[in-house]
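Below is one structure, written out as structure tokens; comments come after it.
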Amino acid sequence: MPPAHPRTAPDTAGGTAAATLRDLLGLLARQAPAEDFARPAARAREAGASPGELALVDEATETALAVRRTLDQHRRREAELSALFDTASDLAALTDLDAVLRAIVRRARLLLGTDVAYLTLNDPAAGDTFMRVTDGCTSARFQQLRLGMGEGLGGLVAQTARPYASADYRADGRFEHTVTIDTAVGEEGLRGILGVPLRVGSRVIGVLYAADRRPRDFAPDQIALLASLADHAAVAIDSARLLEETRAALVELNAATATARAQSAAMARAAETHDRLTDIVLRGGDVADVAAEIAVLLDGGLVVQDADGTELARVGADAPRAPAHGVTASRSGGRAVSVDGVWVSAVLAGPELLGSIALGGRPDLTDSDRRLFERASLDTALLLLLRRSVAEAEDRVRGELLDDLLTAAHATDPRRLGSLTLRARRLGVDLTEPTSVLVLHGEPDLRTRLTAQATRRARALHGLAGPLGGHVVLLARAADPGPLAAALAVELGDALGTPVTVGAAGPASGPDRLHAVHAEALRCLQALTVLGRTGQGASLPDLGFVGVLLGDRADVAGYVERVLGPVLAYDTARGTDLVRTLEAYFDQGASLSRAKDVLHVHVNTVVQRLDRAARLLGADWNTPDRALELQLALRLHRLSGGAPGAGQP
């Protein structure tokens, strides 16, 4: 307010001045426009006021206008503060960060009455500040702008944490202009720009801007107003950010809690399953019991195999077997794997493969069920290890019994033989039944596997098996060991992938004869090897005259019957003389003419008799091997008292 002038007017002037003052006070009270304040002075002049009165009126008018300006400033400041408080209240009510940012720039634009308002946030990782929210902007380039620290007006505000204003940014040389910033600002058409820092404590988190598309000087109170708004906005932004982080943390915590609960439930289920399966194992259950329990738990078909691929248990007729490459993948990875919709888990004891489990009908196995499936393989491994331990102990007992049975020292001791018979009966082997001995030979490196295969086969035959004298020996209940030896040679050769030769002998008439039968089986094995019949199985009778020569119980009658039986039966039934004709034929060096002289018949008769013998003996009867067999059988027949037939052809 300007200083008061001393009063020099006469008393009459005081009346006019008083009326003018009343008018001016009325104008102030009515918040009249500024132009209305000139009217009281004009009326005073029209009324012929003296110069002293006019001076007093002019002084009062100037004072009233000054008071009006002050009141206007207070009212404007009050409105700004009210708007600022409303903004703070509105921001406090918002919880979404994007909504908070949009409200800030919209209120900044309204409070300062600018064309545009926008906000950038600092990126500590990139070391710059980037455009986050705009209000009133039209340029896409401007809305995607990033400012390096110290670049342009905003970069300088972000770097220094101080407000900066430019009446015309394009021509303002105080700032570091860049092509990127100037191009974006030019596209938006901005001239006057004000930027203030968004601070949380001493940390600058961004910049709040107000800008016009024409040159504009921003007054200090406008700068202060935007700075106040920025302070409230920074708190709201930080609060919204913290709230979002808290929400995200709660979401993660809820997810982690749900995961923990699910894992806890899965672990409890797995532990319960493990206890149930372990209980089955400890109660003496077998692989089939464990497989049935697993199949129920996982609701699928199940097949359990040993390391050689032999099926140990099956649940579900159409349950798939584990593919070999699936077992290899599970073994190398230590986890269950899915192969063409079939889940496969290797059954391991450390690095040793004991077998495998295949689960079908569940291609979409969950993680918890997969872990349960893997846990089941551990219980299966435990069962297989127990079975193997029991089997190994039993095999040792069986091996010791086998050694004792085949040792010559025990063959003549009745008490020892009775003990051996009792021990065998306890193991499920009845030595009173016809018992044959089979000696198996394969590659030395595979003897352990051959022993395991023979042991498994012996159990199925209610017999014994084990290593002895560099070979594998198998005792089995069999009246005719030849076919069994041939079958075992094929079966075990296929299982090992290498030839297995099997020499057989028997059956023994009692345990005291097993030693001798074993010796005969060894000779049979040696004969097979010498004859080049590696990979085959046979007994001595199957070797023809070689068996007769090597056998310690030469079955001459049996050999003669096997070789000459059809001819002998024909002669007996028809009274013919085919046997004598064969003797004469071979004795005369296979000469028809000399044979007919010895037989005193026509040569055609000899030919007819030999044709009939060929039909009985087979087309190869006159080959060298068969001829040798026939000649030996004919001589043995003659030595055993057989007489040639007396009939006619």
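Chain labels run A, B, ... following the order of the structure tokens; each chain numbers its residues from 1, and ligands are numbered from 1 in the order shown.
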
task = Could you give me, as a PyMOL selection string, the residues within 8 Å of range 445-459 of chain A, counting only C-alpha atoms and dropping anything in the same chain fewer than 6 positions from it?
result = chain A and resi 395+465-467+471-472+474-476+492+496

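Every protein, DNA or RNA residue with an atom at most 10 Å from Ala64 in chain A, where only C-alpha atoms count and chain neighbours fewer than 2 positions away do not, is listed here: Met1, Leu21, Leu24, Leu25, Leu27, Leu28, Ala34, Phe37, Asp58, Glu59, Ala60, Thr61, Glu62, Ala66, Val67, Arg68, Arg69 and Thr70 of chain A.
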
Since we have the selection now, will you write its residues out, keeping N, CA and C atoms, as a PDB file, in the first residue's frame?
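Saved to again_1.pdb:
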```
ATOM      1  N   MET A   1       0.856  -1.189   0.000  1.00  0.00           N
ATOM      2  CA  MET A   1       0.000   0.000   0.000  1.00  0.00           C
ATOM      3  C   MET A   1       0.889   1.235   0.000  1.00  0.00           C
ATOM      4  N   LEU A  21     -14.537   7.397  -0.050  1.00  0.00           N
ATOM      5  CA  LEU A  21     -14.016   6.248   0.697  1.00  0.00           C
ATOM      6  C   LEU A  21     -15.103   5.198   0.923  1.00  0.00           C
ATOM      7  N   LEU A  24     -15.527   3.320  -2.234  1.00  0.00           N
ATOM      8  CA  LEU A  24     -14.406   2.390  -2.482  1.00  0.00           C
ATOM      9  C   LEU A  24     -14.490   1.163  -1.560  1.00  0.00           C
ATOM     10  N   LEU A  25     -14.861   1.427  -0.284  1.00  0.00           N
ATOM     11  CA  LEU A  25     -15.010   0.289   0.627  1.00  0.00           C
ATOM     12  C   LEU A  25     -16.133  -0.634   0.187  1.00  0.00           C
ATOM     13  N   LEU A  27     -17.035  -1.106  -2.894  1.00  0.00           N
ATOM     14  CA  LEU A  27     -16.519  -1.885  -4.034  1.00  0.00           C
ATOM     15  C   LEU A  27     -15.643  -3.046  -3.543  1.00  0.00           C
ATOM     16  N   LEU A  28     -14.810  -2.765  -2.526  1.00  0.00           N
ATOM     17  CA  LEU A  28     -13.967  -3.840  -1.984  1.00  0.00           C
ATOM     18  C   LEU A  28     -14.824  -4.945  -1.372  1.00  0.00           C
ATOM     19  N   ALA A  34     -11.730  -4.381 -11.141  1.00  0.00           N
ATOM     20  CA  ALA A  34     -10.790  -3.277 -10.953  1.00  0.00           C
ATOM     21  C   ALA A  34     -11.251  -2.016 -11.660  1.00  0.00           C
ATOM     22  N   PHE A  37     -13.346   0.656  -9.784  1.00  0.00           N
ATOM     23  CA  PHE A  37     -12.743   1.511  -8.761  1.00  0.00           C
ATOM     24  C   PHE A  37     -12.427   2.918  -9.287  1.00  0.00           C
ATOM     25  N   ASP A  58      -7.922  10.343  -5.358  1.00  0.00           N
ATOM     26  CA  ASP A  58      -6.972   9.505  -6.145  1.00  0.00           C
ATOM     27  C   ASP A  58      -6.135   8.638  -5.213  1.00  0.00           C
ATOM     28  N   GLU A  59      -5.717   9.267  -4.095  1.00  0.00           N
ATOM     29  CA  GLU A  59      -4.910   8.489  -3.145  1.00  0.00           C
ATOM     30  C   GLU A  59      -5.717   7.313  -2.584  1.00  0.00           C
ATOM     31  N   ALA A  60      -6.976   7.569  -2.253  1.00  0.00           N
ATOM     32  CA  ALA A  60      -7.832   6.504  -1.712  1.00  0.00           C
ATOM     33  C   ALA A  60      -8.095   5.420  -2.748  1.00  0.00           C
ATOM     34  N   THR A  61      -8.265   5.848  -4.016  1.00  0.00           N
ATOM     35  CA  THR A  61      -8.506   4.860  -5.088  1.00  0.00           C
ATOM     36  C   THR A  61      -7.298   3.938  -5.241  1.00  0.00           C
ATOM     37  N   GLU A  62      -6.087   4.539  -5.239  1.00  0.00           N
ATOM     38  CA  GLU A  62      -4.876   3.710  -5.385  1.00  0.00           C
ATOM     39  C   GLU A  62      -4.748   2.733  -4.218  1.00  0.00           C
ATOM     40  N   ALA A  66      -4.789  -1.309  -4.347  1.00  0.00           N
ATOM     41  CA  ALA A  66      -3.719  -2.125  -3.751  1.00  0.00           C
ATOM     42  C   ALA A  66      -4.293  -3.174  -2.814  1.00  0.00           C
ATOM     43  N   VAL A  67      -5.314  -2.701  -2.022  1.00  0.00           N
ATOM     44  CA  VAL A  67      -5.973  -3.660  -1.127  1.00  0.00           C
ATOM     45  C   VAL A  67      -6.649  -4.758  -1.931  1.00  0.00           C
ATOM     46  N   ARG A  68      -7.300  -4.395  -3.038  1.00  0.00           N
ATOM     47  CA  ARG A  68      -7.973  -5.399  -3.880  1.00  0.00           C
ATOM     48  C   ARG A  68      -6.979  -6.408  -4.427  1.00  0.00           C
ATOM     49  N   ARG A  69      -5.800  -5.896  -4.863  1.00  0.00           N
ATOM     50  CA  ARG A  69      -4.806  -6.828  -5.413  1.00  0.00           C
ATOM     51  C   ARG A  69      -4.320  -7.799  -4.334  1.00  0.00           C
ATOM     52  N   THR A  70      -4.133  -7.237  -3.145  1.00  0.00           N
ATOM     53  CA  THR A  70      -3.689  -8.111  -2.050  1.00  0.00           C
ATOM     54  C   THR A  70      -4.742  -9.166  -1.732  1.00  0.00           C
TER      55      THR A  70
END
```

ask   = Which of these, A:Ala485, A:Ala516, A:Leu431, A:Ala376, has the shortest distance to Thr278 in chain A once you count only C-alpha atoms?
value =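 Of the candidates, the smallest distance to Thr278 in chain A is held by A:Ala376.
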
task = For Asp379 in chain A, please output as a PyMOL selection string all residues within 12 Å (counting only C-alpha atoms; exclusion window: fewer than 5 positions along the same chain).
result = chain A and resi 270-271+273-282+285-287+289-291+293-294+346-349+354+356-357+372-374+384-386

request  = Tell me, in Å to one decimal, how far CA of Gln526 in chain A is from CA of Val563 in chain A.
outcome  =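 Separation of CA of Gln526 in chain A and CA of Val563 in chain A: 23.0 Å.
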
request  = Report the distance between CA of Leu405 in chain A and CA of Ala521 in chain A in Å, rounded to one decimal place.
outcome  =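 Rounded to one decimal, the two atoms are 14.6 Å apart.
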